[in-house]
file protein.txt (compact mmCIF, C-alpha atoms and all ligand atoms)
# COMPACT_ATOMS: atom_id res chain seq x y z
CA MET A 1 128.93 183.44 139.33
CA ASN A 2 130.85 180.29 138.46
CA PHE A 3 134.51 180.34 137.49
CA LYS A 4 135.01 176.64 136.83
CA VAL A 5 134.47 175.24 133.37
CA ASN A 6 131.00 173.83 132.60
CA GLU A 7 130.13 170.53 130.88
CA GLN A 8 130.36 172.10 127.43
CA GLY A 9 133.77 173.55 128.16
CA PHE A 10 132.67 177.16 128.73
CA TYR A 11 133.59 179.81 131.26
CA GLY A 12 130.60 182.14 130.95
CA ASP A 13 130.57 183.16 127.30
CA PHE A 14 134.08 181.90 126.60
CA GLY A 15 135.82 178.65 125.78
CA GLY A 16 134.35 175.67 123.96
CA ALA A 17 136.01 173.65 121.23
CA PHE A 18 135.84 175.35 117.83
CA ILE A 19 137.82 172.84 115.84
CA PRO A 20 137.85 171.39 112.34
CA GLU A 21 135.86 168.18 112.05
CA MET A 22 139.08 166.24 111.45
CA LEU A 23 140.25 167.05 114.98
CA TYR A 24 137.02 166.02 116.61
CA HIS A 25 138.17 162.47 117.35
CA ASN A 26 141.42 163.59 119.01
CA VAL A 27 139.87 166.29 121.13
CA ASN A 28 136.93 164.13 122.09
CA GLU A 29 139.20 161.27 123.16
CA LEU A 30 141.01 163.66 125.45
CA LYS A 31 137.78 165.16 126.79
CA GLU A 32 136.33 161.72 127.53
CA ASN A 33 139.42 160.56 129.42
CA TYR A 34 141.26 163.42 131.09
CA LEU A 35 139.27 163.84 134.30
CA GLN A 36 139.03 160.18 135.12
CA ILE A 37 142.77 159.74 134.59
CA ILE A 38 144.09 162.84 136.34
CA GLU A 39 141.80 162.42 139.34
CA SER A 40 142.84 158.79 139.89
CA ASP A 41 144.96 157.96 142.95
CA ASP A 42 147.56 156.32 140.78
CA PHE A 43 148.00 159.46 138.65
CA GLN A 44 148.00 161.85 141.60
CA THR A 45 150.63 159.78 143.40
CA GLU A 46 153.01 159.81 140.44
CA PHE A 47 152.30 163.49 139.66
CA LYS A 48 152.90 164.66 143.22
CA ASP A 49 156.00 162.49 143.54
CA LEU A 50 157.58 163.98 140.38
CA LEU A 51 156.65 167.51 141.44
CA LYS A 52 158.47 166.89 144.70
CA GLU A 53 161.51 164.90 143.63
CA TYR A 54 162.08 166.17 140.08
CA VAL A 55 160.66 169.70 139.96
CA GLY A 56 161.61 170.58 143.54
CA ARG A 57 158.18 171.45 144.98
CA PRO A 58 156.80 172.87 147.14
CA THR A 59 158.28 176.18 146.02
CA PRO A 60 158.81 178.62 148.91
CA LEU A 61 156.38 181.43 149.71
CA TYR A 62 159.03 183.99 150.53
CA PHE A 63 158.27 187.07 152.63
CA ALA A 64 160.10 189.86 150.77
CA LYS A 65 161.04 192.07 153.70
CA ARG A 66 162.82 194.89 151.95
CA LEU A 67 160.31 195.06 149.09
CA SER A 68 157.52 195.13 151.71
CA GLU A 69 159.21 198.00 153.57
CA LYS A 70 159.55 199.95 150.35
CA TYR A 71 155.80 199.67 149.63
CA ASN A 72 154.71 199.73 153.27
CA THR A 73 152.73 196.50 153.00
CA ASN A 74 153.32 192.73 153.27
CA ILE A 75 154.55 191.13 150.08
CA PHE A 76 155.10 187.41 149.61
CA LEU A 77 156.72 185.96 146.49
CA LYS A 78 155.59 182.53 145.30
CA ARG A 79 158.90 181.23 144.02
CA GLU A 80 158.03 179.39 140.79
CA ASP A 81 161.42 180.60 139.54
CA LEU A 82 163.00 177.90 141.69
CA ASN A 83 161.37 175.04 139.79
CA HIS A 84 163.51 172.76 137.62
CA THR A 85 163.90 174.49 134.21
CA GLY A 86 163.26 177.85 135.84
CA ALA A 87 159.53 178.50 135.61
CA HIS A 88 156.02 177.21 136.30
CA LYS A 89 155.66 175.64 132.84
CA ILE A 90 157.08 172.32 134.02
CA ASN A 91 154.08 171.75 136.38
CA ASN A 92 151.88 171.45 133.31
CA THR A 93 154.22 169.45 131.08
CA ILE A 94 154.73 166.86 133.84
CA GLY A 95 150.97 166.52 134.20
CA GLN A 96 150.31 166.17 130.48
CA ILE A 97 153.15 163.72 129.83
CA LEU A 98 151.75 161.42 132.53
CA LEU A 99 148.34 161.70 130.90
CA ALA A 100 149.79 160.98 127.43
CA LYS A 101 151.50 157.85 128.75
CA ARG A 102 148.27 156.60 130.27
CA MET A 103 146.52 157.18 126.94
CA ASN A 104 149.22 155.04 125.26
CA LYS A 105 150.53 157.88 123.11
CA LYS A 106 154.02 157.40 121.71
CA ARG A 107 154.73 160.71 120.04
CA ILE A 108 154.52 164.18 121.58
CA ILE A 109 154.06 167.36 119.55
CA ALA A 110 154.01 170.95 120.76
CA GLU A 111 154.45 174.46 119.44
CA THR A 112 156.50 177.15 121.04
CA GLY A 113 157.13 180.84 120.50
CA ALA A 114 159.92 181.84 122.83
CA GLY A 115 161.01 178.25 123.25
CA GLN A 116 160.22 178.00 126.96
CA HIS A 117 157.28 175.65 126.53
CA GLY A 118 159.37 173.74 123.97
CA VAL A 119 162.13 173.27 126.54
CA ALA A 120 159.67 172.21 129.26
CA THR A 121 158.11 169.70 126.84
CA ALA A 122 161.46 168.34 125.59
CA THR A 123 162.51 167.95 129.23
CA VAL A 124 159.61 165.69 130.18
CA CYS A 125 159.91 163.73 126.91
CA ALA A 126 163.54 162.98 127.76
CA LEU A 127 162.43 161.97 131.25
CA MET A 128 159.79 159.60 129.88
CA ASN A 129 161.71 158.46 126.79
CA LEU A 130 159.05 159.66 124.33
CA GLU A 131 159.56 161.03 120.82
CA CYS A 132 159.27 164.83 120.81
CA ILE A 133 158.61 167.18 117.90
CA ILE A 134 158.52 170.92 118.52
CA TYR A 135 157.09 173.30 115.93
CA MET A 136 158.57 176.76 115.97
CA GLY A 137 158.39 179.71 113.59
CA GLU A 138 161.48 180.17 111.48
CA VAL A 139 161.87 183.73 112.79
CA ASP A 140 161.59 182.53 116.41
CA ILE A 141 164.18 179.79 115.80
CA LYS A 142 166.67 182.52 114.90
CA ARG A 143 165.66 184.79 117.80
CA GLN A 144 165.72 182.08 120.47
CA ALA A 145 168.87 180.13 119.64
CA PRO A 146 169.77 179.11 123.24
CA ASN A 147 166.35 177.49 123.78
CA VAL A 148 166.56 175.74 120.40
CA ALA A 149 169.94 174.32 121.46
CA ARG A 150 168.43 173.13 124.77
CA MET A 151 165.56 171.37 123.01
CA LYS A 152 167.97 169.62 120.65
CA MET A 153 170.27 168.56 123.47
CA LEU A 154 167.20 167.15 125.24
CA GLY A 155 166.56 165.01 122.16
CA ALA A 156 163.68 166.91 120.54
CA GLU A 157 163.34 167.52 116.84
CA VAL A 158 162.70 171.22 116.15
CA ARG A 159 160.67 171.77 112.97
CA ALA A 160 160.53 175.22 111.38
CA ALA A 161 157.20 176.79 110.45
CA THR A 162 157.91 178.74 107.27
CA SER A 163 154.47 180.14 106.40
CA GLY A 164 152.89 183.51 107.27
CA SER A 165 154.82 185.63 109.75
CA LYS A 166 156.92 182.56 110.67
CA THR A 167 156.12 182.99 114.38
CA LEU A 168 153.96 181.35 117.04
CA LYS A 169 150.59 181.27 115.26
CA ASP A 170 152.22 179.65 112.23
CA ALA A 171 153.88 177.05 114.46
CA THR A 172 150.45 176.38 116.01
CA ASN A 173 148.95 175.78 112.56
CA GLU A 174 151.73 173.28 111.77
CA ALA A 175 151.21 171.43 115.06
CA ILE A 176 147.46 171.16 114.43
CA ARG A 177 148.15 169.87 110.91
CA ASP A 178 150.47 167.22 112.36
CA TRP A 179 147.83 166.17 114.89
CA ILE A 180 145.19 165.79 112.17
CA ALA A 181 147.61 163.63 110.17
CA ASN A 182 148.55 161.48 113.19
CA PRO A 183 145.38 161.01 115.22
CA VAL A 184 146.18 157.68 116.85
CA ASP A 185 149.65 157.70 118.42
CA THR A 186 150.25 161.43 118.85
CA TYR A 187 149.58 163.66 121.86
CA TYR A 188 149.41 167.46 121.42
CA LEU A 189 150.88 169.08 124.51
CA ILE A 190 149.58 172.66 124.88
CA GLY A 191 151.55 175.06 127.10
CA SER A 192 148.97 177.43 128.60
CA VAL A 193 145.28 177.70 129.53
CA VAL A 194 144.41 178.08 125.85
CA GLY A 195 143.21 175.82 123.06
CA PRO A 196 139.96 173.86 122.72
CA HIS A 197 138.21 172.36 125.77
CA PRO A 198 139.48 170.43 127.76
CA TYR A 199 142.95 172.03 127.54
CA PRO A 200 142.23 175.26 129.48
CA ASP A 201 140.66 173.33 132.36
CA MET A 202 143.31 170.62 132.33
CA VAL A 203 146.24 173.06 132.35
CA ALA A 204 144.59 175.14 135.10
CA ARG A 205 144.22 172.00 137.22
CA PHE A 206 147.90 171.11 136.79
CA GLN A 207 149.00 174.65 137.62
CA SER A 208 146.58 174.87 140.59
CA ILE A 209 149.33 173.30 142.69
CA ILE A 210 150.59 176.90 143.01
CA SER A 211 147.59 178.18 145.00
CA GLU A 212 147.15 174.83 146.74
CA GLU A 213 150.59 175.28 148.30
CA MET A 214 149.92 178.97 148.97
CA LYS A 215 146.97 178.08 151.23
CA SER A 216 148.98 176.08 153.75
CA GLN A 217 152.01 178.36 153.47
CA LEU A 218 149.86 181.42 154.20
CA ILE A 219 148.28 179.74 157.24
CA GLU A 220 151.74 179.15 158.62
CA LYS A 221 152.96 182.69 157.90
CA THR A 222 149.84 184.82 158.41
CA GLY A 223 147.34 182.61 160.25
CA ARG A 224 144.88 182.76 157.34
CA ASN A 225 144.82 180.58 154.22
CA TYR A 226 144.15 183.42 151.80
CA PRO A 227 145.83 186.72 150.97
CA ASP A 228 144.12 190.05 150.24
CA LYS A 229 145.55 190.20 146.74
CA VAL A 230 147.13 187.76 144.30
CA ILE A 231 149.07 189.31 141.43
CA ALA A 232 150.25 187.39 138.37
CA CYS A 233 151.30 188.19 134.81
CA VAL A 234 149.17 186.92 131.91
CA GLY A 235 150.42 185.69 128.57
CA GLY A 236 148.08 182.83 127.77
CA GLY A 237 147.29 182.83 131.48
CA SER A 238 148.53 179.57 132.99
CA ASN A 239 150.62 180.84 135.88
CA ALA A 240 147.85 183.29 136.77
CA ALA A 241 145.23 180.54 136.55
CA GLY A 242 147.30 178.41 138.92
CA ALA A 243 147.84 181.23 141.39
CA PHE A 244 144.14 182.25 141.32
CA TYR A 245 142.61 178.77 141.16
CA HIS A 246 141.77 178.05 144.80
CA TYR A 247 140.65 181.66 145.37
CA LEU A 248 138.32 182.04 142.39
CA ASP A 249 135.24 181.70 144.61
CA ASN A 250 136.65 183.66 147.56
CA ASP A 251 135.46 187.25 147.15
CA LYS A 252 137.80 188.44 149.86
CA VAL A 253 140.74 187.82 147.54
CA GLU A 254 141.37 190.38 144.84
CA LEU A 255 142.73 188.75 141.69
CA ILE A 256 145.03 191.03 139.73
CA ALA A 257 146.13 190.03 136.24
CA VAL A 258 148.91 191.99 134.59
CA GLU A 259 149.22 192.09 130.83
CA ALA A 260 152.10 193.34 128.72
CA ASP A 261 151.38 196.84 127.42
CA GLY A 262 154.57 196.68 125.34
CA LEU A 263 155.37 200.20 124.15
CA GLY A 264 151.86 201.27 125.28
CA VAL A 265 148.25 200.36 124.52
CA LYS A 266 147.89 203.43 122.29
CA THR A 267 150.62 202.10 119.99
CA ASP A 268 150.38 199.01 117.80
CA LYS A 269 153.28 197.49 119.73
CA THR A 270 151.37 195.89 122.57
CA ALA A 271 150.18 192.52 123.86
CA ALA A 272 147.46 193.85 126.20
CA THR A 273 144.67 191.65 124.88
CA THR A 274 141.86 192.70 127.23
CA GLN A 275 142.57 196.38 126.50
CA VAL A 276 142.85 196.30 122.70
CA GLY A 277 141.32 192.93 121.81
CA SER A 278 137.80 191.75 121.04
CA GLU A 279 135.83 188.53 121.07
CA GLY A 280 136.71 185.92 118.52
CA ILE A 281 138.13 182.46 118.06
CA ILE A 282 141.80 181.62 118.43
CA HIS A 283 143.43 178.24 118.85
CA GLY A 284 140.02 176.52 118.95
CA SER A 285 138.57 178.58 121.75
CA LYS A 286 136.19 181.54 121.96
CA THR A 287 137.94 184.26 123.88
CA LEU A 288 139.43 187.74 123.65
CA LEU A 289 142.12 188.23 121.05
CA MET A 290 143.94 190.91 119.12
CA GLN A 291 142.57 191.08 115.58
CA ASN A 292 142.09 193.52 112.74
CA SER A 293 138.75 194.56 111.26
CA GLU A 294 138.82 191.49 109.01
CA GLY A 295 139.24 189.13 111.94
CA GLN A 296 142.90 188.35 111.19
CA ILE A 297 145.10 187.94 114.23
CA THR A 298 147.48 190.86 114.68
CA GLU A 299 151.11 190.46 115.72
CA PRO A 300 151.60 191.26 119.42
CA HIS A 301 154.62 192.95 120.95
CA SER A 302 156.19 192.61 124.38
CA ILE A 303 159.77 192.80 125.59
CA SER A 304 159.09 189.46 127.27
CA ALA A 305 158.73 186.58 124.85
CA GLY A 306 156.38 184.66 127.17
CA LEU A 307 153.76 187.45 127.17
CA ASP A 308 154.01 188.01 123.43
CA TYR A 309 150.75 186.20 122.70
CA PRO A 310 147.73 187.69 120.84
CA GLY A 311 145.06 186.22 123.11
CA VAL A 312 144.19 185.20 126.67
CA GLY A 313 142.69 181.91 127.79
CA PRO A 314 138.87 181.74 128.14
CA LEU A 315 139.00 181.72 131.96
CA HIS A 316 140.71 185.11 131.87
CA ALA A 317 138.28 186.49 129.29
CA HIS A 318 135.53 185.50 131.74
CA LEU A 319 137.33 186.98 134.77
CA PHE A 320 137.75 190.20 132.80
CA LYS A 321 134.21 190.47 131.45
CA SER A 322 132.57 189.52 134.75
CA GLY A 323 134.76 191.92 136.72
CA ARG A 324 136.00 189.16 139.04
CA GLY A 325 139.57 189.89 137.96
CA SER A 326 141.24 193.30 137.82
CA PHE A 327 143.22 193.58 134.60
CA ILE A 328 146.02 196.09 134.41
CA GLY A 329 149.05 196.50 132.17
CA ALA A 330 152.74 197.22 132.52
CA THR A 331 154.91 198.56 129.71
CA ASP A 332 158.26 197.13 128.67
CA LYS A 333 159.99 199.92 130.56
CA GLU A 334 157.92 199.53 133.73
CA ALA A 335 158.70 195.81 133.76
CA LEU A 336 162.43 196.47 133.37
CA THR A 337 162.40 198.98 136.22
CA ALA A 338 160.59 196.49 138.45
CA ALA A 339 163.13 193.78 137.57
CA TYR A 340 166.09 195.96 138.59
CA GLN A 341 164.30 196.95 141.78
CA LEU A 342 163.62 193.37 142.88
CA THR A 343 167.18 192.37 142.06
CA LYS A 344 168.64 195.18 144.17
CA LEU A 345 166.24 194.82 147.10
CA GLU A 346 165.96 191.05 147.39
CA GLY A 347 168.81 189.51 145.38
CA ILE A 348 166.38 187.77 143.02
CA ILE A 349 166.64 188.28 139.25
CA PRO A 350 163.08 187.68 137.93
CA ALA A 351 161.99 186.63 134.44
CA LEU A 352 160.85 189.56 132.31
CA GLU A 353 157.33 188.09 132.32
CA SER A 354 157.20 188.00 136.13
CA SER A 355 158.57 191.57 136.22
CA HIS A 356 155.25 192.73 134.76
CA ALA A 357 153.49 191.35 137.85
CA LEU A 358 156.03 193.13 140.08
CA ALA A 359 155.42 196.40 138.22
CA ALA A 360 151.80 196.29 139.41
CA LEU A 361 153.01 197.40 142.85
CA ASN A 362 153.39 200.91 141.43
CA LYS A 363 149.89 200.93 139.99
CA ILE A 364 147.53 199.69 142.68
CA GLU A 365 146.47 200.89 146.08
CA LEU A 366 148.26 199.07 148.90
CA LYS A 367 147.38 198.99 152.59
CA GLN A 368 149.81 198.46 155.44
CA THR A 369 147.75 195.62 156.90
CA GLU A 370 147.35 193.71 153.65
CA ASN A 371 149.01 190.47 152.62
CA ILE A 372 149.89 190.34 148.95
CA VAL A 373 151.15 187.37 146.98
CA ILE A 374 153.01 187.96 143.73
CA ASN A 375 153.50 184.88 141.60
CA LEU A 376 157.14 184.95 140.52
CA SER A 377 156.56 182.78 137.47
CA GLY A 378 160.18 182.38 136.38
CA ARG A 379 163.82 183.29 136.79
CA GLY A 380 165.71 185.87 134.76
CA ASP A 381 168.68 183.88 133.48
CA LYS A 382 167.12 183.61 130.03
CA ASP A 383 166.66 187.40 129.92
CA MET A 384 170.17 188.50 130.84
CA GLU A 385 170.96 189.74 127.36
CA THR A 386 167.93 192.04 127.43
CA TYR A 387 168.61 193.21 130.98
CA ILE A 388 172.22 194.11 130.21
CA GLY A 389 171.33 195.71 126.88
CA GLU A 390 168.58 197.88 128.40
CA MET A 391 170.41 198.91 131.57
CA SER A 392 171.78 202.13 130.03
CA ASN A 393 168.30 203.20 128.85
CA LEU A 394 166.82 203.57 132.31
C1 LIG B 401 155.57 181.34 129.49
C2 LIG B 401 155.76 182.20 130.66
C3 LIG B 401 154.76 183.09 131.11
C4 LIG B 401 153.47 183.31 130.37
O1 LIG B 401 152.66 182.20 130.25
P1 LIG B 401 151.33 182.02 131.10
O2 LIG B 401 150.66 180.86 130.49
O3 LIG B 401 150.55 183.29 130.97
O4 LIG B 401 151.73 181.79 132.50
C5 LIG B 401 154.98 183.82 132.25
N1 LIG B 401 156.14 183.72 132.94
C6 LIG B 401 157.14 182.90 132.53
C7 LIG B 401 158.39 182.85 133.31
C8 LIG B 401 156.97 182.11 131.38
O5 LIG B 401 157.96 181.30 131.00
call {"tool": "encode", "arguments": {"input": "protein.txt", "output": "structure tokens", "more": "lines below"}}
Ligand SMILES: *Cc1c(COP(=O)(O)O)cnc(C)c1O
result
Amino acid sequence: MNFKVNEQGFYGDFGGAFIPEMLYHNVNELKENYLQIIESDDFQTEFKDLLKEYVGRPTPLYFAKRLSEKYNTNIFLKREDLNHTGAHKINNTIGQILLAKRMNKKRIIAETGAGQHGVATATVCALMNLECIIYMGEVDIKRQAPNVARMKMLGAEVRAATSGSKTLKDATNEAIRDWIANPVDTYYLIGSVVGPHPYPDMVARFQSIISEEMKSQLIEKTGRNYPDKVIACVGGGSNAAGAFYHYLDNDKVELIAVEADGLGVKTDKTAATTQVGSEGIIHGSKTLLMQNSEGQITEPHSISAGLDYPGVGPLHAHLFKSGRGSFIGATDKEALTAAYQLTKLEGIIPALESSHALAALNKIELKQTENIVINLSGRGDKDMETYIGEMSNL
């Protein structure tokens, strides 16, 4: 079984580039150039240098002693929460902005739901002095005011998507429309392992720095470059793809992906795509998505904005269907409980998204001798309002 993308952009049955003809030129230009550019010494030197000096990498692999005692096993936290801007997303936006520069693009567009990818994109555009336009649903603009303010302060223009449900999928449609209208000077910066080929592969490569660092950090701490289990939350799937990447072909490593069950998979308030979704095309890629009987995308729900996405990237659809990955879910409430627990035991306030990965500890079998890595994708500052508001409900 192969878990890397093939020539046609597929992971098993999933992936590809299902795009309107008018996007063919843009996507093809990217496909023809990305590997040669990002594998060049010149690119790698600048990428690694920025990850070190600007993002603050390598992030620690922290042995969580009290959490380990509680579960009677060995738990390491990969501290992506300590990156500049507070999450893993910046690994990808740094990579893509360097690529855009080398392709002589002058104008960067992106869409965002919660605003986190918008902030990570606006950050690197400020750094590189490039024009930045962020599409965001009108409803999301109201819900995510602090992130909108950050993007504006960073110099981005935030454009409201006013059609449909006025959320992420509508913002995506607007961004694609913009790209069709501006095929020469504009670069479309996608925030997860989603979208038409080559985006899923490209984003996974940029995020693979996570498991690349884990290998040497685990050797130092455990004498072996791989853990028994890697656990990560899945929205689109980029932090999980990065944490799994160098272990995809190592059968000794169990890959555990945690989706957001929301209020529960039996309700219609869920974002657990592999549990309630089916095969279809979203964002130019064949994958699993949440849709109604007419093939229209249904609105997901999760307490964490970053997991509130109605699909998963094609790599994850393949990991799920092939059985290579174990997919489980955590509800809003289970994630909250896990967040309070980590905070009390380790003095680390996790992002609500990452709390779903932590909640997996209550749902899987753990052995005393095992080494487990949980990818702590982001920090909880952005979620304080939710944490304080929900505290009395637990
Ligand atoms: C955006 C986000 C996620 C979900 O995105 P993936 O592409 O699935 O990683 C998870 N955690 C945090 C902190 C995020 O900001």
call {"tool": "residues_near_ligand", "arguments": {"input": "protein.txt", "ligand": "ligand LIG 401 (chain B)", "cutoff": "7 Å", "atoms": "only C-alpha atoms and all ligand atoms", "output": "compact mmCIF listing (two decimals) with C-alpha atoms, in the frame of the given file"}}
result
# COMPACT_ATOMS: atom_id res chain seq x y z
CA ALA A 87 159.53 178.50 135.61
CA HIS A 88 156.02 177.21 136.30
CA LYS A 89 155.66 175.64 132.84
CA GLN A 116 160.22 178.00 126.96
CA HIS A 117 157.28 175.65 126.53
CA GLY A 191 151.55 175.06 127.10
CA SER A 192 148.97 177.43 128.60
CA VAL A 193 145.28 177.70 129.53
CA CYS A 233 151.30 188.19 134.81
CA VAL A 234 149.17 186.92 131.91
CA GLY A 235 150.42 185.69 128.57
CA GLY A 236 148.08 182.83 127.77
CA GLY A 237 147.29 182.83 131.48
CA SER A 238 148.53 179.57 132.99
CA ASN A 239 150.62 180.84 135.88
CA ALA A 240 147.85 183.29 136.77
CA GLY A 306 156.38 184.66 127.17
CA LEU A 307 153.76 187.45 127.17
CA ALA A 351 161.99 186.63 134.44
CA GLU A 353 157.33 188.09 132.32
CA SER A 354 157.20 188.00 136.13
CA SER A 377 156.56 182.78 137.47
CA GLY A 378 160.18 182.38 136.38
CA ARG A 379 163.82 183.29 136.79
call {"tool": "atom_distance", "arguments": {"input": "protein.txt", "atom1": "CA of Val258 (chain A)", "atom2": "CA of Glu111 (chain A)"}}
result
23.8 Å
call {"tool": "residues_near_point", "arguments": {"input": "protein.txt", "point": "(152.9, 174.9, 116.7)", "cutoff": "8 Å", "atoms": "all atoms listed in the file", "output": "number ranges by chain"}}
result
A: 110-112, 134-137, 161, 168-176
call {"tool": "closest_residue", "arguments": {"input": "protein.txt", "among": "A:Glu346, A:Glu39, A:Glu299, A:Glu80", "to": "Gly242 (chain A)", "atoms": "all atoms listed in the file"}}
result
A:Glu80
call {"tool": "closest_residue", "arguments": {"input": "protein.txt", "among": "A:Asp201, A:Glu138, A:Asp332, A:Asp185", "to": "Thr167 (chain A)", "atoms": "all atoms listed in the file"}}
result
A:Glu138
call {"tool": "closest_residue", "arguments": {"input": "protein.txt", "among": "A:Ile328, A:Val230, A:Ile38, A:Leu352", "to": "Ile75 (chain A)", "atoms": "only C-alpha atoms"}}
result
A:Val230
call {"tool": "residues_around", "arguments": {"input": "protein.txt", "residues": "region 41-47 of chain A", "least_positions_apart": "5", "cutoff": "8 Å", "atoms": "all atoms listed in the file", "output": "PyMOL selection string"}}
result
chain A and resi 94-95+98
call {"tool": "residues_around", "arguments": {"input": "protein.txt", "residues": "Cys125 (chain A)", "least_positions_apart": "6", "cutoff": "9 Å", "atoms": "all atoms listed in the file", "output": "list in words"}}
result
Ile97, Ile108, Glu131, Cys132, Leu154, Gly155 and Ala156 of chain A
call {"tool": "residues_near_point", "arguments": {"input": "protein.txt", "point": "(143.5, 177.9, 146.0)", "cutoff": "9 Å", "atoms": "only C-alpha atoms", "output": "short mmCIF file (atom, residue, chain, number, x, y, z; two decimals) with C-alpha atoms, keeping the file's coordinate frame"}}
result
data_model
loop_
_atom_site.label_atom_id
_atom_site.label_comp_id
_atom_site.auth_asym_id
_atom_site.auth_seq_id
_atom_site.Cartn_x
_atom_site.Cartn_y
_atom_site.Cartn_z
CA SER A 208 146.58 174.87 140.59
CA ILE A 209 149.33 173.30 142.69
CA ILE A 210 150.59 176.90 143.01
CA SER A 211 147.59 178.18 145.00
CA GLU A 212 147.15 174.83 146.74
CA GLU A 213 150.59 175.28 148.30
CA MET A 214 149.92 178.97 148.97
CA LYS A 215 146.97 178.08 151.23
CA ASN A 225 144.82 180.58 154.22
CA TYR A 226 144.15 183.42 151.80
CA GLY A 242 147.30 178.41 138.92
CA ALA A 243 147.84 181.23 141.39
CA PHE A 244 144.14 182.25 141.32
CA TYR A 245 142.61 178.77 141.16
CA HIS A 246 141.77 178.05 144.80
CA TYR A 247 140.65 181.66 145.37
CA LEU A 248 138.32 182.04 142.39
#
call {"tool": "atom_distance", "arguments": {"input": "protein.txt", "atom1": "CA of Asp308 (chain A)", "atom2": "CA of Ala271 (chain A)"}}
result
5.9 Å
call {"tool": "atom_distance", "arguments": {"input": "protein.txt", "atom1": "CA of Ala338 (chain A)", "atom2": "CA of Ser355 (chain A)"}}
result
5.8 Å
call {"tool": "closest_residue", "arguments": {"input": "protein.txt", "among": "A:Ala335, A:Leu319, A:Ala120, A:Met391", "to": "Asp249 (chain A)", "atoms": "all atoms listed in the file"}}
result
A:Leu319
call {"tool": "closest_residue", "arguments": {"input": "protein.txt", "among": "A:Asn91, A:Ser163, A:Asn104, A:Asn292", "to": "Phe206 (chain A)", "atoms": "only C-alpha atoms"}}
result
A:Asn91
call {"tool": "residues_around", "arguments": {"input": "protein.txt", "residues": "Ile349 (chain A)", "least_positions_apart": "2", "cutoff": "8 Å", "atoms": "only C-alpha atoms", "output": "PyMOL selection string"}}
result
chain A and resi 339-340+342-343+347+351+379-381
